[in-house]
$ cat structure-v3.cif   # mmCIF, C-alpha atoms and all ligand atoms
data_my_file
loop_
_atom_site.label_atom_id
_atom_site.label_comp_id
_atom_site.auth_asym_id
_atom_site.auth_seq_id
_atom_site.Cartn_x
_atom_site.Cartn_y
_atom_site.Cartn_z
CA MET A 98 34.98 -132.87 27.60
CA ILE A 99 37.25 -130.06 26.43
CA PRO A 100 40.80 -131.33 27.10
CA ARG A 101 43.47 -129.01 28.48
CA LEU A 102 45.69 -129.64 25.49
CA LYS A 103 45.35 -131.18 22.10
CA PRO A 104 48.24 -131.74 19.72
CA ALA A 105 47.55 -130.90 16.07
CA ILE A 106 47.80 -134.49 14.89
CA ASN A 107 45.38 -136.11 12.51
CA ALA A 108 45.33 -138.44 9.51
CA ALA A 109 48.26 -136.60 7.88
CA GLU A 110 50.58 -137.42 10.81
CA LEU A 111 49.24 -140.97 10.94
CA LEU A 112 50.03 -141.47 7.25
CA ALA A 113 53.45 -139.87 7.69
CA ALA A 114 54.15 -142.22 10.60
CA LEU A 115 53.19 -145.28 8.61
CA ARG A 116 54.97 -144.48 5.35
CA PRO A 117 58.35 -146.12 4.78
CA ASP A 118 61.42 -144.06 5.70
CA GLY A 119 63.06 -141.97 3.02
CA LEU A 120 66.80 -141.46 2.87
CA ASP A 121 67.53 -138.94 5.61
CA GLU A 122 64.32 -138.11 7.46
CA ILE A 123 66.04 -136.39 10.38
CA ARG A 124 68.08 -134.10 8.16
CA LEU A 125 64.94 -133.16 6.22
CA PHE A 126 63.10 -132.37 9.47
CA GLU A 127 66.05 -130.23 10.60
CA GLU A 128 66.07 -128.32 7.33
CA ASP A 129 62.34 -127.63 7.41
CA PHE A 130 62.53 -126.61 11.06
CA ALA A 131 65.42 -124.21 10.44
CA GLN A 132 63.51 -122.68 7.57
CA LEU A 133 60.36 -122.22 9.68
CA MET A 134 62.42 -120.41 12.32
CA GLY A 135 64.33 -118.32 9.79
CA GLN A 136 67.64 -119.76 10.96
CA LYS A 137 70.57 -121.24 9.11
CA HIS A 138 70.79 -124.52 11.00
CA ALA A 139 68.82 -126.87 13.21
CA VAL A 140 70.03 -129.99 15.02
CA ALA A 141 67.52 -132.60 16.22
CA PHE A 142 67.72 -134.24 19.65
CA PRO A 143 65.63 -136.83 21.48
CA TYR A 144 64.41 -134.15 23.92
CA GLY A 145 64.78 -130.39 24.26
CA ARG A 146 66.72 -130.98 27.49
CA THR A 147 69.26 -133.19 25.68
CA GLY A 148 69.72 -130.37 23.17
CA LEU A 149 70.43 -127.96 26.03
CA ILE A 150 72.99 -130.30 27.63
CA TYR A 151 74.97 -130.59 24.38
CA LEU A 152 74.55 -126.94 23.49
CA LEU A 153 76.12 -125.92 26.80
CA THR A 154 78.88 -128.45 26.16
CA ALA A 155 79.46 -127.21 22.60
CA LEU A 156 79.73 -123.66 23.91
CA GLY A 157 82.48 -124.82 26.30
CA LEU A 158 80.55 -123.83 29.40
CA LYS A 159 81.40 -126.67 31.76
CA GLY A 160 81.82 -125.56 35.39
CA LYS A 161 80.13 -122.20 34.83
CA GLU A 162 77.15 -120.50 36.44
CA ILE A 163 74.18 -120.52 34.10
CA ILE A 164 71.47 -117.98 34.82
CA CYS A 165 67.92 -119.28 34.27
CA PRO A 166 64.39 -118.56 35.47
CA ALA A 167 63.10 -119.88 38.80
CA TYR A 168 59.75 -120.24 37.10
CA THR A 169 60.40 -122.54 34.18
CA CYS A 170 60.25 -126.19 33.25
CA VAL A 171 62.36 -128.20 35.71
CA VAL A 172 64.15 -130.00 32.86
CA VAL A 173 66.10 -126.77 32.20
CA PRO A 174 68.14 -126.73 35.45
CA HIS A 175 68.41 -130.53 35.21
CA ALA A 176 70.10 -130.14 31.82
CA ILE A 177 72.39 -127.42 33.21
CA VAL A 178 73.49 -129.77 36.00
CA TYR A 179 73.98 -132.66 33.55
CA SER A 180 76.22 -130.45 31.41
CA GLY A 181 78.49 -129.95 34.43
CA SER A 182 77.39 -126.42 35.33
CA THR A 183 75.36 -124.76 38.09
CA PRO A 184 71.98 -123.10 37.61
CA VAL A 185 71.49 -119.66 39.16
CA PHE A 186 67.79 -118.95 39.58
CA ILE A 187 66.12 -115.60 38.95
CA ASP A 188 62.58 -114.67 40.00
CA CYS A 189 59.95 -113.37 37.56
CA ALA A 190 59.70 -109.70 36.59
CA PRO A 191 56.91 -107.75 38.30
CA ASP A 192 55.08 -107.20 35.00
CA GLY A 193 54.75 -110.78 33.77
CA PHE A 194 55.85 -114.40 33.95
CA ASN A 195 59.27 -114.04 32.31
CA MET A 196 62.50 -113.81 34.27
CA ASP A 197 63.41 -110.38 35.70
CA LEU A 198 66.24 -109.30 33.39
CA ASP A 199 67.39 -106.52 35.74
CA LEU A 200 67.92 -109.11 38.45
CA ALA A 201 69.60 -111.39 35.91
CA GLY A 202 72.01 -108.58 34.98
CA LYS A 203 72.82 -107.99 38.67
CA SER A 204 73.49 -111.71 39.21
CA ILE A 205 76.29 -111.85 36.65
CA THR A 206 79.65 -112.80 38.17
CA GLY A 207 83.11 -113.54 36.77
CA ASN A 208 82.06 -117.17 36.41
CA THR A 209 78.75 -116.65 34.58
CA GLY A 210 78.76 -118.55 31.31
CA ALA A 211 75.29 -118.06 29.87
CA ILE A 212 71.79 -116.78 30.36
CA VAL A 213 68.88 -119.01 29.39
CA ALA A 214 66.37 -116.40 28.29
CA THR A 215 62.97 -118.05 28.31
CA SER A 216 59.84 -116.76 26.62
CA ILE A 217 57.59 -118.57 29.05
CA PHE A 218 54.02 -119.35 27.97
CA GLY A 219 54.97 -117.76 24.65
CA TYR A 220 55.54 -114.24 26.02
CA PRO A 221 58.47 -112.83 24.06
CA VAL A 222 61.49 -112.08 26.19
CA ASP A 223 62.50 -108.37 26.11
CA LEU A 224 65.13 -108.39 23.35
CA ASP A 225 66.20 -104.80 23.97
CA ARG A 226 67.29 -105.72 27.49
CA ILE A 227 68.92 -108.90 26.25
CA LYS A 228 70.85 -106.82 23.77
CA ALA A 229 71.93 -104.39 26.49
CA ILE A 230 73.24 -107.32 28.56
CA GLN A 231 75.10 -108.69 25.51
CA GLU A 232 76.74 -105.33 24.90
CA LYS A 233 77.80 -104.94 28.52
CA HIS A 234 78.97 -108.57 28.91
CA PRO A 235 80.05 -109.80 25.47
CA GLN A 236 81.61 -112.96 26.95
CA ILE A 237 78.24 -114.23 28.20
CA LYS A 238 76.28 -116.47 25.84
CA ILE A 239 72.57 -115.99 25.35
CA ILE A 240 70.49 -119.12 24.86
CA GLN A 241 66.86 -118.63 23.94
CA ASP A 242 64.52 -121.22 25.43
CA CYS A 243 61.72 -121.24 22.87
CA ALA A 244 59.90 -124.35 24.09
CA HIS A 245 56.73 -122.25 24.46
CA SER A 246 57.47 -119.63 21.92
CA PHE A 247 58.19 -120.99 18.47
CA ALA A 248 58.79 -117.76 16.56
CA ALA A 249 57.35 -115.40 19.18
CA GLU A 250 58.25 -111.79 18.38
CA TRP A 251 59.46 -108.89 20.51
CA LYS A 252 58.43 -105.71 18.68
CA GLY A 253 58.47 -107.63 15.40
CA ARG A 254 61.84 -109.33 16.01
CA PRO A 255 61.85 -113.13 16.37
CA VAL A 256 63.18 -114.12 19.81
CA GLN A 257 65.00 -117.24 18.63
CA LYS A 258 67.55 -115.24 16.62
CA GLN A 259 68.83 -113.00 19.44
CA GLY A 260 71.67 -115.04 20.93
CA GLU A 261 74.00 -117.94 20.19
CA ALA A 262 71.26 -120.51 19.77
CA ALA A 263 67.69 -121.42 20.66
CA ILE A 264 66.26 -124.63 22.09
CA PHE A 265 62.82 -126.10 21.42
CA GLY A 266 60.83 -128.96 22.93
CA LEU A 267 58.62 -131.04 20.68
CA ASN A 268 56.57 -133.27 22.97
CA ILE A 269 52.79 -133.43 22.57
CA SER A 270 52.16 -130.51 24.92
CA LYS A 271 54.20 -128.09 22.78
CA LEU A 272 53.08 -125.87 19.92
CA LEU A 273 54.64 -128.21 17.38
CA THR A 274 55.17 -131.87 18.00
CA SER A 275 57.20 -134.79 16.78
CA ILE A 276 55.64 -136.83 19.66
CA PHE A 277 58.91 -136.49 21.57
CA GLY A 278 61.98 -134.64 20.44
CA GLY A 279 63.83 -131.38 20.65
CA MET A 280 65.69 -128.96 18.37
CA VAL A 281 68.53 -126.51 18.68
CA THR A 282 68.70 -123.75 16.08
CA THR A 283 71.57 -121.39 15.35
CA ASP A 284 72.91 -119.05 12.69
CA SER A 285 76.52 -119.95 13.52
CA ASP A 286 78.23 -122.44 11.18
CA LYS A 287 80.86 -123.29 13.77
CA LEU A 288 78.38 -123.95 16.57
CA TYR A 289 76.29 -126.06 14.20
CA HIS A 290 79.24 -128.26 13.25
CA ASP A 291 80.45 -128.60 16.86
CA LEU A 292 76.97 -129.46 18.10
CA LYS A 293 76.31 -132.00 15.40
CA GLN A 294 79.66 -133.64 15.96
CA LEU A 295 79.02 -133.87 19.72
CA ARG A 296 75.58 -135.33 19.11
CA ASP A 297 76.79 -137.94 16.70
CA ARG A 298 79.68 -138.88 18.93
CA HIS A 299 77.78 -139.11 22.23
CA LEU A 300 74.28 -140.19 21.26
CA THR A 301 73.36 -143.68 20.14
CA VAL A 302 71.51 -143.98 16.85
CA SER A 303 67.84 -144.84 17.33
CA ASP A 304 66.96 -148.51 16.99
CA TRP A 305 63.83 -150.49 16.09
CA LYS A 306 62.87 -150.83 19.77
CA LYS A 307 62.65 -147.07 20.19
CA THR A 308 60.75 -146.77 16.92
CA LEU A 309 58.27 -149.40 18.09
CA ARG A 310 57.85 -147.72 21.51
CA ARG A 311 57.20 -144.36 19.87
CA LEU A 312 54.82 -145.85 17.33
CA LEU A 313 52.77 -147.55 20.05
CA TYR A 314 52.70 -144.34 22.09
CA PHE A 315 51.59 -142.36 19.04
CA LEU A 316 48.90 -144.89 18.15
CA SER A 317 47.59 -144.84 21.72
CA LEU A 318 47.49 -141.03 21.70
CA TYR A 319 45.63 -140.88 18.50
CA PRO A 320 42.23 -142.05 19.82
CA THR A 321 42.93 -140.37 23.16
CA PHE A 322 42.33 -136.97 21.65
CA TRP A 323 39.24 -138.11 19.90
CA GLU A 324 36.37 -136.21 21.53
CA PRO A 325 34.06 -139.07 22.64
CA LEU A 326 36.90 -140.84 24.40
CA TYR A 327 38.40 -137.87 26.17
CA GLY A 328 36.10 -138.08 29.20
CA LEU A 329 37.32 -141.60 29.77
CA VAL A 330 40.94 -140.62 29.46
CA ASN A 331 40.43 -137.81 31.90
CA ARG A 332 39.02 -140.27 34.44
CA LEU A 333 42.06 -142.45 33.92
CA GLU A 334 44.33 -139.48 34.40
CA ARG A 335 42.60 -138.54 37.62
CA SER A 336 42.80 -142.05 38.94
CA GLY A 337 46.56 -141.95 38.51
CA ILE A 338 46.88 -144.64 35.85
CA LEU A 339 48.23 -142.19 33.30
CA ASN A 340 50.62 -140.57 35.74
CA HIS A 341 53.66 -141.87 33.96
CA PHE A 342 52.72 -139.67 30.99
CA THR A 343 52.25 -136.55 33.02
CA GLN A 344 54.38 -136.74 36.15
CA TYR A 345 57.85 -136.26 34.88
CA TYR A 346 59.72 -134.97 37.87
CA ASP A 347 60.61 -135.98 41.38
CA ASP A 348 61.14 -133.15 43.85
CA ALA A 349 64.25 -134.70 45.36
CA LYS A 350 66.02 -135.94 42.23
CA ILE A 351 67.91 -134.43 39.34
CA ASP A 352 67.53 -136.95 36.55
CA MET A 353 66.84 -137.62 32.88
CA PRO A 354 64.69 -140.19 31.08
CA ASP A 355 66.49 -143.50 30.40
CA ASP A 356 66.59 -142.81 26.67
CA TYR A 357 67.78 -139.20 26.79
CA ARG A 358 70.89 -140.12 24.80
CA LEU A 359 69.15 -142.25 22.19
CA GLN A 360 68.79 -140.11 19.05
CA MET A 361 65.49 -138.98 17.59
CA SER A 362 63.87 -141.76 15.55
CA SER A 363 63.00 -141.22 11.90
CA LEU A 364 59.39 -141.94 12.88
CA GLU A 365 59.39 -138.82 15.05
CA ALA A 366 61.09 -136.80 12.30
CA LYS A 367 58.39 -137.81 9.79
CA ILE A 368 55.61 -136.78 12.18
CA GLY A 369 57.35 -133.53 13.11
CA ARG A 370 57.94 -132.59 9.52
CA CYS A 371 54.28 -133.11 8.76
CA ASN A 372 53.30 -131.01 11.79
CA ILE A 373 55.46 -128.08 10.62
CA HIS A 374 53.07 -127.45 7.74
CA LYS A 375 50.33 -126.70 10.26
CA TYR A 376 52.27 -124.16 12.30
CA ARG A 377 50.66 -121.07 10.85
CA LYS A 378 47.21 -122.46 11.70
CA ILE A 379 48.24 -123.69 15.14
CA LEU A 380 49.54 -120.23 16.05
CA ALA A 381 46.54 -118.42 14.57
CA ALA A 382 44.09 -120.57 16.58
CA ARG A 383 45.87 -119.70 19.82
CA ARG A 384 45.93 -115.99 19.11
CA VAL A 385 42.23 -116.05 18.24
CA ALA A 386 41.44 -117.92 21.47
CA ALA A 387 43.50 -115.43 23.51
CA LYS A 388 41.70 -112.49 21.89
CA ILE A 389 38.34 -114.02 22.81
CA TYR A 390 39.47 -114.48 26.40
CA PHE A 391 40.78 -110.90 26.64
CA THR A 392 37.55 -109.43 25.29
CA GLY A 393 35.07 -111.91 26.80
CA LEU A 394 36.41 -112.37 30.33
CA PRO A 395 36.55 -109.85 33.18
CA ASN A 396 39.92 -108.97 34.69
CA LEU A 397 39.41 -109.13 38.46
CA PRO A 398 41.63 -109.53 41.52
CA GLU A 399 40.09 -113.00 41.98
CA PHE A 400 40.45 -113.81 38.29
CA GLN A 401 43.51 -112.02 37.00
CA LEU A 402 44.10 -112.19 33.27
CA PRO A 403 47.64 -112.46 31.87
CA PRO A 404 49.24 -109.56 29.96
CA GLU A 405 48.15 -109.03 26.37
CA ILE A 406 51.31 -108.73 24.27
CA ASP A 407 51.68 -108.52 20.49
CA GLY A 408 53.95 -111.22 19.20
CA ALA A 409 53.13 -113.71 22.00
CA THR A 410 52.30 -117.24 20.89
CA TYR A 411 49.95 -117.86 23.84
CA SER A 412 51.19 -121.39 24.18
CA HIS A 413 49.35 -121.21 27.52
CA PHE A 414 46.65 -118.79 28.64
CA VAL A 415 47.46 -118.29 32.30
CA VAL A 416 44.97 -116.84 34.77
CA GLN A 417 45.66 -116.20 38.47
CA VAL A 418 42.99 -117.35 40.88
CA PRO A 419 42.94 -117.61 44.69
CA ASP A 420 41.72 -121.22 44.74
CA ARG A 421 43.07 -123.29 41.87
CA LYS A 422 41.71 -126.61 43.08
CA GLN A 423 38.18 -125.31 43.27
CA TRP A 424 38.45 -123.93 39.74
CA MET A 425 39.78 -127.19 38.36
CA GLU A 426 36.97 -129.16 39.99
CA TYR A 427 34.36 -126.73 38.73
CA GLY A 428 35.82 -127.03 35.22
CA LEU A 429 35.65 -130.81 35.27
CA LYS A 430 32.04 -130.71 36.42
CA LYS A 431 31.22 -128.44 33.48
CA GLY A 432 33.26 -130.37 30.92
CA ILE A 433 36.50 -128.34 30.72
CA GLN A 434 39.81 -129.67 31.85
CA LEU A 435 41.88 -126.74 33.15
CA GLY A 436 45.66 -126.98 33.22
CA GLN A 437 48.01 -125.99 36.04
CA LEU A 438 51.35 -125.24 34.45
CA ILE A 439 53.91 -124.47 35.93
CA GLU A 440 52.87 -125.81 39.34
CA TYR A 441 56.24 -125.68 41.12
CA ASN A 442 58.84 -123.10 42.12
CA ILE A 443 62.17 -124.76 41.29
CA PRO A 444 64.31 -123.15 44.04
CA GLU A 445 61.92 -124.63 46.65
CA MET A 446 62.63 -128.16 45.43
CA GLU A 447 64.73 -130.37 47.64
CA SER A 448 67.08 -131.15 44.77
CA TYR A 449 67.92 -127.46 44.36
CA GLY A 450 68.62 -126.74 48.02
CA SER A 451 65.11 -125.89 49.25
CA HIS A 452 65.62 -122.12 49.22
CA PRO A 453 63.54 -120.56 51.98
CA ARG A 454 60.01 -119.48 51.19
CA GLY A 455 59.96 -115.88 50.19
CA SER A 456 63.26 -115.79 48.31
CA TYR A 457 61.44 -116.18 44.98
CA PRO A 458 58.09 -114.59 45.80
CA LEU A 459 56.61 -114.24 42.32
CA SER A 460 57.66 -117.66 41.11
CA ALA A 461 56.22 -119.11 44.34
CA LYS A 462 52.98 -117.19 43.89
CA TYR A 463 52.49 -118.22 40.26
CA SER A 464 53.31 -121.84 41.04
CA ARG A 465 50.39 -121.96 43.46
CA SER A 466 47.76 -119.75 41.89
CA THR A 467 47.61 -120.22 38.13
CA ILE A 468 45.24 -122.12 35.87
CA ASN A 469 45.44 -122.50 32.08
CA LEU A 470 42.46 -122.09 29.80
CA PRO A 471 42.48 -124.25 26.64
CA VAL A 472 43.85 -122.36 23.62
CA TYR A 473 44.30 -124.93 20.84
CA GLY A 474 40.72 -124.81 19.58
CA GLY A 475 40.44 -121.22 18.31
CA GLU A 476 37.12 -119.42 18.45
CA GLU A 477 34.80 -122.36 19.01
CA VAL A 478 36.44 -123.81 22.09
CA ALA A 479 37.29 -120.39 23.57
CA LYS A 480 33.68 -119.22 23.32
CA SER A 481 32.40 -122.29 25.19
CA VAL A 482 35.07 -121.75 27.83
CA VAL A 483 34.12 -118.07 28.26
CA ARG A 484 30.48 -119.01 28.77
CA ILE A 485 31.26 -121.60 31.44
CA VAL A 486 33.97 -119.60 33.22
CA LYS A 487 31.83 -116.45 33.47
CA LYS A 488 29.13 -118.37 35.32
CA HIS A 489 31.60 -119.28 38.04
CA ILE A 490 32.87 -115.71 38.48
CA GLN A 491 29.46 -114.12 38.87
C1 LIG B 1 59.19 -128.48 27.38
C2 LIG B 1 60.21 -127.50 27.78
C3 LIG B 1 61.58 -127.69 27.49
C4 LIG B 1 62.12 -128.93 26.83
O1 LIG B 1 61.52 -130.07 27.29
P1 LIG B 1 61.88 -131.56 26.81
O2 LIG B 1 60.80 -132.35 27.48
O3 LIG B 1 63.22 -131.88 27.31
O4 LIG B 1 61.78 -131.62 25.32
C5 LIG B 1 62.45 -126.67 27.82
N1 LIG B 1 62.03 -125.54 28.41
C6 LIG B 1 60.71 -125.32 28.71
C7 LIG B 1 60.31 -124.01 29.33
C8 LIG B 1 59.77 -126.29 28.42
O5 LIG B 1 58.48 -126.07 28.72
#

$ encode --input "structure-v3.cif" --output "structure tokens"
Amino acid sequence: MIPRLKPAINAAELLAALRPDGLDEIRLFEEDFAQLMGQKHAVAFPYGRTGLIYLLTALGLKGKEIICPAYTCVVVPHAIVYSGSTPVFIDCAPDGFNMDLDLAGKSITGNTGAIVATSIFGYPVDLDRIKAIQEKHPQIKIIQDCAHSFAAEWKGRPVQKQGEAAIFGLNISKLLTSIFGGMVTTDSDKLYHDLKQLRDRHLTVSDWKKTLRRLLYFLSLYPTFWEPLYGLVNRLERSGILNHFTQYYDDAKIDMPDDYRLQMSSLEAKIGRCNIHKYRKILAARRVAAKIYFTGLPNLPEFQLPPEIDGATYSHFVVQVPDRKQWMEYGLKKGIQLGQLIEYNIPEMESYGSHPRGSYPLSAKYSRSTINLPVYGGEEVAKSVVRIVKKHIQ
């Protein structure tokens, strides 16, 4: 079975997890992360969403309108609400999955505090348009959501540096992982100090119970991604037993995990720091896989390939198909687990006011019609996938 995702964890992460803690593991992880992103500072959080809550707070944005994509991870508007602000949703641009920045510009009001510019699936957000918005509205803060786009580049410029700060998610489905965890990076000394002070004042220091929970989760993951066992795990997932790993939202509720204010554990920092060393390889494997898909697969109305963009990380390779369920079942029969991310249109959710169908047409369309081909495995996995997928198209 070819799984839909596979974190780059192996014996190195296992050894890192099991070695005794050094003096300041979290600070070391932050320093290495900031260096990888070419930024002055990084601040670690238990989740990316917690980082966003405190970033909005540090920027003094309580009670503001925060512009964000309609087609993004639901934890983003949740964090905006938790920070005391209101999300304003924007549909995707006609030429891709990212938010329509013209629409975003038109939605700015006197009470807009920030724009969460997301490079979804690793497609770099258009930095020239972001810059134009910054010049026209200097009071509005730009926050880069880089959860899918660690160091993606727009015309050679890294997306994370264009704005006040960038947020990253580090769970096992992301490009880099510390098992759970999140980061905020910035080049501003003042924002760094404010953010760190807020974190240390409002978040509880991790305890042995959290460390033990994370260690057990990590140890259970470890064999899960071992090839011979993956078929079994997939059966478990389908039967619903593993739902608590994968189903992280409830349509009607705006909430956070119980431990969203319990700081990152040093265990996670040790694993994350180890994972950083692999980033160049992780990114290269995805770009190779994407290239093989672009050259090996047909681009048809019933199998529509995503845009090919230099500088994208291809955290997900997203294809539009008329019947997603049929594709996913075919994949399972042939030994490939296809993903379906992002499978919801946030403004349609009950918790966000159930906007009428049709008000976010592209986000709605993508939420119902996309599948993800596996990208973590470079050439080898991508070639097997091409062979199997082509049979179903012809
Ligand atoms: C994963 C993700 C985040 C952060 O998620 P956490 O689970 O809170 O770490 C933020 N934005 C997007 C687009 C994501 O996919």

$ residues_near_ligand --input "structure-v3.cif" --ligand "ligand LIG 1 (chain B)" --cutoff "8 Å" --atoms "all atoms listed in the file" --output "PyMOL selection string"
chain A and resi 143-148+169-173+215-218+242-245+264-268+270-271+277-279

$ write_last_selection --input "structure-v3.cif" --atoms "C-alpha atoms" --output "short mmCIF file (atom, residue, chain, number, x, y, z; two decimals), keeping the file's coordinate frame"
data_model
loop_
_atom_site.label_atom_id
_atom_site.label_comp_id
_atom_site.auth_asym_id
_atom_site.auth_seq_id
_atom_site.Cartn_x
_atom_site.Cartn_y
_atom_site.Cartn_z
CA PRO A 143 65.63 -136.83 21.48
CA TYR A 144 64.41 -134.15 23.92
CA GLY A 145 64.78 -130.39 24.26
CA ARG A 146 66.72 -130.98 27.49
CA THR A 147 69.26 -133.19 25.68
CA GLY A 148 69.72 -130.37 23.17
CA THR A 169 60.40 -122.54 34.18
CA CYS A 170 60.25 -126.19 33.25
CA VAL A 171 62.36 -128.20 35.71
CA VAL A 172 64.15 -130.00 32.86
CA VAL A 173 66.10 -126.77 32.20
CA THR A 215 62.97 -118.05 28.31
CA SER A 216 59.84 -116.76 26.62
CA ILE A 217 57.59 -118.57 29.05
CA PHE A 218 54.02 -119.35 27.97
CA ASP A 242 64.52 -121.22 25.43
CA CYS A 243 61.72 -121.24 22.87
CA ALA A 244 59.90 -124.35 24.09
CA HIS A 245 56.73 -122.25 24.46
CA ILE A 264 66.26 -124.63 22.09
CA PHE A 265 62.82 -126.10 21.42
CA GLY A 266 60.83 -128.96 22.93
CA LEU A 267 58.62 -131.04 20.68
CA ASN A 268 56.57 -133.27 22.97
CA SER A 270 52.16 -130.51 24.92
CA LYS A 271 54.20 -128.09 22.78
CA PHE A 277 58.91 -136.49 21.57
CA GLY A 278 61.98 -134.64 20.44
CA GLY A 279 63.83 -131.38 20.65
#

$ atom_distance --input "structure-v3.cif" --atom1 "CA of Thr467 (chain A)" --atom2 "CA of Val418 (chain A)"
6.1 Å

$ closest_residue --input "structure-v3.cif" --among "A:Ile230, A:Ala108, A:Met446, A:Ala409" --to "Lys388 (chain A)" --atoms "all atoms listed in the file"
A:Ala409

$ atom_distance --input "structure-v3.cif" --atom1 "CA of Ala114 (chain A)" --atom2 "CA of Asp355 (chain A)"
23.4 Å

$ closest_residue --input "structure-v3.cif" --among "A:Arg310, A:Arg124, A:Tyr319, A:Leu153" --to "Glu261 (chain A)" --atoms "only C-alpha atoms"
A:Leu153

$ residues_around --input "structure-v3.cif" --residues "Cys371 (chain A)" --least-positions-apart "5" --cutoff "9 Å" --atoms "only C-alpha atoms" --output "list in words"
Ala109, Glu110, Ala113, Phe126, Ser275 and Ala366 of chain A

$ closest_residue --input "structure-v3.cif" --among "A:Pro100, A:Pro117, A:Pro398, A:Pro453" --to "Val478 (chain A)" --atoms "all atoms listed in the file"
A:Pro100

$ atom_distance --input "structure-v3.cif" --atom1 "CA of Ile351 (chain A)" --atom2 "CA of Lys307 (chain A)"
23.5 Å

$ residues_around --input "structure-v3.cif" --residues "region 190-195 of chain A" --least-positions-apart "2" --cutoff "8 Å" --atoms "only C-alpha atoms" --output "ChimeraX atom specification"
/A:166,168,188,197-198,215-218,220,222,403-404,459

$ closest_residue --input "structure-v3.cif" --among "A:His138, A:Arg101, A:Glu250, A:Ile269" --to "Met425 (chain A)" --atoms "all atoms listed in the file"
A:Arg101

$ residues_around --input "structure-v3.cif" --residues "Ser456 (chain A)" --least-positions-apart "5" --cutoff "12 Å" --atoms "only C-alpha atoms" --output "PyMOL selection string"
chain A and resi 167+186-189+442-445+451+461-462

$ residues_around --input "structure-v3.cif" --residues "Leu224 (chain A)" --least-positions-apart "4" --cutoff "9 Å" --atoms "only C-alpha atoms" --output "PyMOL selection string"
chain A and resi 228-229+251-252+254+256+259

$ closest_residue --input "structure-v3.cif" --among "A:Lys203, A:Lys137, A:Lys293, A:Arg421" --to "Ala155 (chain A)" --atoms "all atoms listed in the file"
A:Lys293

$ residues_around --input "structure-v3.cif" --residues "Ser464 (chain A)" --least-positions-apart "5" --cutoff "6 Å" --atoms "all atoms listed in the file" --output "ChimeraX atom specification"
/A:439-442

$ axis_aligned_box --input "structure-v3.cif" --around "region 139-153 of chain A" --padding-each-side "8 Å" --output "lines of an AutoDock Vina configuration file"
center_x = 70.3
center_y = -131.4
center_z = 20.4
size_x = 27.7
size_y = 26.9
size_z = 30.4
